[in-house]
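Source file: query-v3.pdb (PDB, C-alpha atoms)
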ATOM      1  CA  GLN A 178       0.000   0.000   0.000
ATOM      2  CA  SER A 179       1.983   3.004  -1.263
ATOM      3  CA  ALA A 180       1.788   6.278   0.607
ATOM      4  CA  LEU A 181       0.455   9.514  -0.811
ATOM      5  CA  THR A 182       3.269  11.741  -2.069
ATOM      6  CA  GLN A 183       4.159  14.965  -0.270
ATOM      7  CA  PRO A 184       7.198  17.220  -0.606
ATOM      8  CA  ALA A 185       9.781  16.444   2.042
ATOM      9  CA  SER A 186      10.055  20.041   3.143
ATOM     10  CA  VAL A 187       8.479  23.457   2.657
ATOM     11  CA  SER A 188       9.645  26.704   4.203
ATOM     12  CA  GLY A 189       8.460  30.267   4.487
ATOM     13  CA  SER A 190       8.975  33.467   6.403
ATOM     14  CA  PRO A 191       6.622  34.658   9.142
ATOM     15  CA  GLY A 192       3.493  36.168   7.654
ATOM     16  CA  GLN A 193       3.868  34.429   4.322
ATOM     17  CA  SER A 194       1.614  31.726   2.895
ATOM     18  CA  ILE A 195       2.793  28.250   2.015
ATOM     19  CA  THR A 196       1.094  25.315   0.318
ATOM     20  CA  ILE A 197       1.772  21.626   0.853
ATOM     21  CA  SER A 198       0.711  19.234  -1.886
ATOM     22  CA  CYS A 199      -0.490  15.678  -1.461
ATOM     23  CA  THR A 200      -0.598  13.567  -4.597
ATOM     24  CA  GLY A 201      -2.508  10.338  -4.770
ATOM     25  CA  THR A 202      -4.310   8.373  -7.420
ATOM     26  CA  SER A 203      -7.771   7.848  -8.851
ATOM     27  CA  SER A 204      -8.275   5.186  -6.165
ATOM     28  CA  ASP A 205      -7.931   7.561  -3.248
ATOM     29  CA  VAL A 206      -7.567  11.356  -3.401
ATOM     30  CA  GLY A 207      -9.040  11.555  -6.904
ATOM     31  CA  ARG A 208     -12.072   9.412  -6.095
ATOM     32  CA  TYR A 209     -13.101  10.382  -2.573
ATOM     33  CA  ASN A 210     -13.578  13.652  -0.722
ATOM     34  CA  TYR A 211     -12.178  12.087   2.432
ATOM     35  CA  VAL A 212      -8.840  13.832   2.610
ATOM     36  CA  SER A 213      -7.620  14.862   6.066
ATOM     37  CA  TRP A 214      -4.578  16.758   7.268
ATOM     38  CA  TYR A 215      -2.624  16.440  10.521
ATOM     39  CA  GLN A 216      -0.011  18.552  12.260
ATOM     40  CA  GLN A 217       2.620  16.863  14.399
ATOM     41  CA  HIS A 218       5.151  18.588  16.600
ATOM     42  CA  PRO A 219       8.257  16.632  17.640
ATOM     43  CA  GLY A 220       7.490  14.006  20.259
ATOM     44  CA  LYS A 221       3.775  14.753  20.186
ATOM     45  CA  ALA A 222       0.706  13.004  18.863
ATOM     46  CA  PRO A 223      -0.758  14.223  15.561
ATOM     47  CA  LYS A 224      -3.395  16.945  15.670
ATOM     48  CA  PHE A 225      -6.446  16.888  13.413
ATOM     49  CA  MET A 226      -6.417  19.991  11.177
ATOM     50  CA  ILE A 227      -8.648  19.413   8.143
ATOM     51  CA  TYR A 228     -11.253  16.817   7.158
ATOM     52  CA  ASP A 229     -13.352  16.116   4.076
ATOM     53  CA  VAL A 230     -10.797  18.030   1.971
ATOM     54  CA  SER A 231     -11.577  21.511   3.261
ATOM     55  CA  ASN A 232     -13.401  21.464   6.595
ATOM     56  CA  ARG A 233     -11.779  22.669   9.801
ATOM     57  CA  PRO A 234     -12.574  21.067  13.153
ATOM     58  CA  SER A 235     -13.593  23.503  15.838
ATOM     59  CA  GLY A 236     -10.597  25.179  17.445
ATOM     60  CA  VAL A 237      -8.357  25.018  14.381
ATOM     61  CA  SER A 238      -7.197  28.412  13.143
ATOM     62  CA  ASP A 239      -8.748  29.688   9.921
ATOM     63  CA  ARG A 240      -5.200  30.279   8.696
ATOM     64  CA  PHE A 241      -5.318  26.620   7.688
ATOM     65  CA  SER A 242      -7.285  25.719   4.585
ATOM     66  CA  GLY A 243      -7.594  22.686   2.346
ATOM     67  CA  SER A 244      -8.497  22.053  -1.263
ATOM     68  CA  LYS A 245      -8.351  19.388  -3.937
ATOM     69  CA  SER A 246      -7.948  19.208  -7.690
ATOM     70  CA  GLY A 247      -7.948  15.867  -9.426
ATOM     71  CA  ASN A 248      -5.569  13.491  -7.686
ATOM     72  CA  THR A 249      -3.835  16.217  -5.682
ATOM     73  CA  ALA A 250      -4.965  17.736  -2.403
ATOM     74  CA  SER A 251      -3.375  20.804  -0.850
ATOM     75  CA  LEU A 252      -3.017  22.399   2.558
ATOM     76  CA  THR A 253      -2.390  26.124   2.676
ATOM     77  CA  ILE A 254      -1.117  27.898   5.760
ATOM     78  CA  SER A 255      -1.546  31.647   5.559
ATOM     79  CA  GLY A 256       0.057  34.205   7.855
ATOM     80  CA  LEU A 257       2.781  31.708   8.775
ATOM     81  CA  GLN A 258       3.727  31.748  12.448
ATOM     82  CA  ALA A 259       6.607  30.229  14.384
ATOM     83  CA  GLU A 260       4.263  27.742  16.069
ATOM     84  CA  ASP A 261       3.314  26.349  12.647
ATOM     85  CA  GLU A 262       6.756  24.765  12.366
ATOM     86  CA  ALA A 263       5.967  21.042  12.470
ATOM     87  CA  ASP A 264       5.464  17.971  10.325
ATOM     88  CA  TYR A 265       2.268  17.770   8.298
ATOM     89  CA  TYR A 266       0.595  14.649   6.960
ATOM     90  CA  CYS A 267      -2.272  14.214   4.567
ATOM     91  CA  SER A 268      -4.439  11.109   4.505
ATOM     92  CA  SER A 269      -7.210   9.648   2.423
ATOM     93  CA  TYR A 270      -9.619   6.788   2.228
ATOM     94  CA  ARG A 271      -8.566   4.368  -0.490
ATOM     95  CA  SER A 272     -10.651   1.832  -2.385
ATOM     96  CA  SER A 273     -10.998  -1.676  -0.932
ATOM     97  CA  SER A 274     -11.579  -0.417   2.592
ATOM     98  CA  THR A 275      -8.101   0.808   3.318
ATOM     99  CA  TYR A 276      -6.677   4.083   4.476
ATOM    100  CA  VAL A 277      -3.428   5.779   3.552
ATOM    101  CA  PHE A 278      -1.260   8.578   4.895
ATOM    102  CA  GLY A 279       1.078  10.852   3.020
ATOM    103  CA  THR A 280       4.853  10.724   3.271
ATOM    104  CA  GLY A 281       4.906  13.841   5.436
ATOM    105  CA  THR A 282       6.196  17.376   4.988
ATOM    106  CA  LYS A 283       8.450  19.270   7.357
ATOM    107  CA  VAL A 284       7.459  22.916   7.522
ATOM    108  CA  THR A 285      10.205  25.336   8.529
ATOM    109  CA  VAL A 286       9.527  28.924   9.512
ATOM    110  CA  LEU A 287      12.570  30.945   8.483
TER     111      LEU A 287
ATOM    112  CA  GLU B 233     -12.659  15.893  27.659
ATOM    113  CA  VAL B 234     -11.819  13.113  25.250
ATOM    114  CA  GLN B 235      -8.938  10.985  26.497
ATOM    115  CA  LEU B 236      -7.255   8.007  24.897
ATOM    116  CA  VAL B 237      -4.529   6.237  26.853
ATOM    117  CA  GLU B 238      -2.513   3.462  25.257
ATOM    118  CA  SER B 239      -0.624   0.804  27.176
ATOM    119  CA  GLY B 240       1.061  -2.534  26.635
ATOM    120  CA  GLY B 241       4.062  -1.494  24.608
ATOM    121  CA  GLY B 242       7.549  -2.740  25.320
ATOM    122  CA  LEU B 243      10.467  -4.790  24.084
ATOM    123  CA  VAL B 244       9.681  -8.091  22.391
ATOM    124  CA  MET B 245      11.784 -10.548  20.408
ATOM    125  CA  PRO B 246      11.181 -11.167  16.708
ATOM    126  CA  GLY B 247       8.408 -13.702  16.303
ATOM    127  CA  GLY B 248       6.917 -12.773  19.641
ATOM    128  CA  SER B 249       3.533 -11.372  20.592
ATOM    129  CA  LEU B 250       2.233  -8.301  22.359
ATOM    130  CA  ARG B 251      -1.210  -6.965  23.194
ATOM    131  CA  LEU B 252      -1.839  -3.239  23.153
ATOM    132  CA  SER B 253      -4.745  -1.609  24.949
ATOM    133  CA  CYS B 254      -6.359   1.793  24.653
ATOM    134  CA  ALA B 255      -8.572   3.129  27.438
ATOM    135  CA  ALA B 256     -11.105   5.691  26.275
ATOM    136  CA  SER B 257     -12.970   8.283  28.313
ATOM    137  CA  GLY B 258     -14.841  11.543  27.890
ATOM    138  CA  PHE B 259     -17.134  10.368  25.089
ATOM    139  CA  THR B 260     -19.597   7.616  24.236
ATOM    140  CA  PHE B 261     -17.072   5.012  23.154
ATOM    141  CA  SER B 262     -19.642   2.643  21.680
ATOM    142  CA  SER B 263     -20.747   5.284  19.152
ATOM    143  CA  TYR B 264     -17.408   5.720  17.419
ATOM    144  CA  SER B 265     -15.207   3.743  15.074
ATOM    145  CA  MET B 266     -11.655   3.479  16.350
ATOM    146  CA  ASN B 267      -8.243   3.048  14.814
ATOM    147  CA  TRP B 268      -4.618   2.124  15.323
ATOM    148  CA  VAL B 269      -1.929   4.154  13.568
ATOM    149  CA  ARG B 270       1.804   3.585  13.971
ATOM    150  CA  GLN B 271       4.940   5.597  13.407
ATOM    151  CA  ALA B 272       8.352   4.006  13.101
ATOM    152  CA  PRO B 273      11.210   6.006  14.639
ATOM    153  CA  GLY B 274      11.931   9.031  12.466
ATOM    154  CA  LYS B 275       9.355   7.951   9.890
ATOM    155  CA  GLY B 276       5.843   8.903   8.824
ATOM    156  CA  LEU B 277       2.420   7.795   9.947
ATOM    157  CA  GLU B 278       1.087   4.425   8.825
ATOM    158  CA  TRP B 279      -2.517   3.315   9.162
ATOM    159  CA  VAL B 280      -2.699  -0.122  10.802
ATOM    160  CA  SER B 281      -6.317  -1.053  11.455
ATOM    161  CA  SER B 282      -9.849   0.278  11.991
ATOM    162  CA  ILE B 283     -12.910  -1.131  13.717
ATOM    163  CA  SER B 284     -16.552  -0.083  13.482
ATOM    164  CA  SER B 285     -18.433   1.138  16.522
ATOM    165  CA  SER B 286     -20.074  -2.241  17.079
ATOM    166  CA  GLY B 287     -16.953  -4.225  16.261
ATOM    167  CA  ASP B 288     -18.681  -5.960  13.370
ATOM    168  CA  TYR B 289     -16.361  -4.554  10.740
ATOM    169  CA  ILE B 290     -12.578  -4.564  10.994
ATOM    170  CA  TYR B 291     -10.076  -3.430   8.389
ATOM    171  CA  TYR B 292      -6.328  -4.012   8.214
ATOM    172  CA  ALA B 293      -3.342  -2.731   6.311
ATOM    173  CA  ASP B 294      -1.740  -5.379   4.120
ATOM    174  CA  SER B 295       1.453  -5.091   6.169
ATOM    175  CA  VAL B 296      -0.258  -6.509   9.279
ATOM    176  CA  LYS B 297      -3.078  -8.620   7.853
ATOM    177  CA  GLY B 298      -2.976 -12.141   9.259
ATOM    178  CA  ARG B 299      -0.634 -11.157  12.098
ATOM    179  CA  PHE B 300      -2.547  -8.436  13.977
ATOM    180  CA  THR B 301      -6.067  -8.634  15.379
ATOM    181  CA  MET B 302      -8.016  -5.568  16.427
ATOM    182  CA  SER B 303     -10.918  -5.791  18.856
ATOM    183  CA  ARG B 304     -12.925  -3.680  21.272
ATOM    184  CA  ASP B 305     -14.946  -4.057  24.455
ATOM    185  CA  ASN B 306     -17.608  -1.359  24.545
ATOM    186  CA  ALA B 307     -18.586  -2.305  28.092
ATOM    187  CA  LYS B 308     -15.050  -1.491  29.232
ATOM    188  CA  ASN B 309     -14.508   1.478  26.881
ATOM    189  CA  SER B 310     -11.412  -0.254  25.628
ATOM    190  CA  LEU B 311      -9.689  -0.967  22.349
ATOM    191  CA  TYR B 312      -7.135  -3.695  21.740
ATOM    192  CA  LEU B 313      -4.519  -4.748  19.236
ATOM    193  CA  GLN B 314      -3.177  -8.285  19.456
ATOM    194  CA  MET B 315       0.109  -8.441  17.595
ATOM    195  CA  ASN B 316       1.621 -11.806  16.704
ATOM    196  CA  SER B 317       4.634 -12.862  14.644
ATOM    197  CA  LEU B 318       6.257  -9.511  15.284
ATOM    198  CA  ARG B 319       9.056  -8.346  13.032
ATOM    199  CA  ALA B 320      11.776  -5.731  13.400
ATOM    200  CA  GLU B 321       9.884  -3.517  10.973
ATOM    201  CA  ASP B 322       6.930  -3.412  13.375
ATOM    202  CA  THR B 323       9.014  -1.282  15.744
ATOM    203  CA  ALA B 324       7.034   1.921  16.148
ATOM    204  CA  VAL B 325       4.976   4.130  18.378
ATOM    205  CA  PHE B 326       1.408   2.866  18.171
ATOM    206  CA  TYR B 327      -1.357   5.449  18.483
ATOM    207  CA  CYS B 328      -4.981   4.835  19.250
ATOM    208  CA  ALA B 329      -7.235   7.332  17.450
ATOM    209  CA  ARG B 330     -10.956   8.060  17.325
ATOM    210  CA  SER B 331     -12.726   8.342  13.991
ATOM    211  CA  LEU B 332     -14.810  11.287  12.915
ATOM    212  CA  SER B 333     -18.230   9.611  12.424
ATOM    213  CA  ASN B 334     -17.488   7.198   9.575
ATOM    214  CA  TRP B 335     -14.139   5.485  10.076
ATOM    215  CA  TYR B 336     -12.655   6.733   6.830
ATOM    216  CA  ARG B 337     -13.317  10.456   7.327
ATOM    217  CA  GLY B 338     -10.330  11.131   9.506
ATOM    218  CA  PHE B 339      -9.138  10.737  13.078
ATOM    219  CA  ASP B 340     -10.086  13.579  15.389
ATOM    220  CA  PHE B 341      -8.539  12.566  18.720
ATOM    221  CA  TRP B 342      -5.309  10.687  19.365
ATOM    222  CA  GLY B 343      -3.650   9.149  22.363
ATOM    223  CA  GLN B 344      -0.031   9.840  23.242
ATOM    224  CA  GLY B 345       1.119   6.494  21.911
ATOM    225  CA  THR B 346       2.923   3.443  23.227
ATOM    226  CA  LEU B 347       6.307   2.300  21.937
ATOM    227  CA  VAL B 348       6.755  -1.215  20.620
ATOM    228  CA  THR B 349      10.317  -2.341  20.025
ATOM    229  CA  VAL B 350      10.955  -5.628  18.248
ATOM    230  CA  SER B 351      14.542  -6.684  18.718
ATOM    231  CA  SER B 352      16.653  -9.595  19.854
TER     232      SER B 352
END
Give the structure from the file, written as structure tokens.
Amino acid sequence: QSALTQPASVSGSPGQSITISCTGTSSDVGRYNYVSWYQQHPGKAPKFMIYDVSNRPSGVSDRFSGSKSGNTASLTISGLQAEDEADYYCSSYRSSSTYVFGTGTKVTVL
Amino acid sequence: EVQLVESGGGLVMPGGSLRLSCAASGFTFSSYSMNWVRQAPGKGLEWVSSISSSGDYIYYADSVKGRFTMSRDNAKNSLYLQMNSLRAEDTAVFYCARSLSNWYRGFDFWGQGTLVTVSS
């Protein structure tokens, strides 16, 4: 079960916007609107950031937004802040009752 | 407050077995699908298994199918993962996570994880 593809790293300066891509296939990201995103700080459990491609759970900053086009989903962080420095993972439901995570992206705030 | 507390991790020899538990509180456990997700040291997240709220439906990643068995006890608000025939590549932190309504829509609450080390 191959993982969804994310860039290994993305960086930006405080206040800037960055976008993390998540590329799958027509069996997962391209077929279902069940893409989620997670933030993970070192040594901590993942935090739920986005679900159903673009919905934010309560308590998540509106600086985080999600979208999808074809087989690629994206997470955009606007107004980048120091506390946003973390690893980010996408995930998606995949055909045949399986679930898959992305390879992960390390976000660095310069 | 939703709380998920994993236990049962530790050091085990290749080929050995281990049973993980996850104690849930702060929500109606029997109404939610639950999941196990693991993370090898320095690596990314890997979905392991999911179970429906009633326990009638269970799904596994190919990497653990036939070796791991997921179960739940709604009367005890507990989730389990029986791991047999363990391999070095199973070394990871194992997280218990609650599903957002349907099991495949994402995992909204996570425990802090329990470390499983498979080594001789």
Check your understanding: Taking (-0.9, 13.7, 12.3) in the file's coordinates as the center, which residues reach within 8 Å of it, counting only C-alpha atoms, put as number ranges by chain?
Key -> A: 214-217, 222-225, 264-267; B: 277
Point to revise | Answer key for the ChimeraX specification (/B :<12) & /A, residues as a PyMOL selection string | key: chain A and resi 178-183+185+205+209-217+219-237+264-283
**Study point:** d(atom CA of Ser257 of chain B, atom CA of Val237 of chain B) in Å
**Key:**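 Distance between the two atoms: 8.8 Å.
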Practice item. One decimal, Å: what's the distance from atom CA of Ala272 of chain B over to atom CA of Phe326 of chain B, could you say? Key: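 Between atom CA of Ala272 of chain B and atom CA of Phe326 of chain B the gap is 8.7 Å.
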Point to revise | Residues in the PyMOL selection byres ((chain A and resi 193) around 10), expressed as number ranges by chain | key: A: 188-192, 194-195, 254-258, 286
Review point. Could you spell out the hits of the PyMOL selection byres ((chain B and resi 350) around 6) on the shown file, as JSON, numbers by chain?
Key: {"B": [243, 244, 245, 246, 320, 323, 349, 351]}
Check your understanding: Between B:Ile283, B:Leu252, B:Val348, B:Asn267, which has the minimum distance to Arg319 of chain B (counting all atoms listed in the file)?
Key -> B:Val348
Check your understanding: What is the atom CA of Arg304 of chain B to atom CA of Tyr264 of chain B distance in Å?
Key ->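 For atom CA of Arg304 of chain B relative to atom CA of Tyr264 of chain B, the distance reads 11.1 Å.
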Review point. Excluding same-chain residues fewer than 5 positions from Ser198 of chain A, what lies within 7 Å of it counting all atoms listed in the file, as a PyMOL selection string?
Key: chain A and resi 183-184+249-252
Exercise for review: Would you list the contacts of Gln314 of chain B as a ChimeraX atom specification, taking every protein, DNA or RNA residue within 10 Å and counting only C-alpha atoms, but skipping same-chain residues closer than 4 positions in sequence?
Suggested key: /B:249-253,299-303
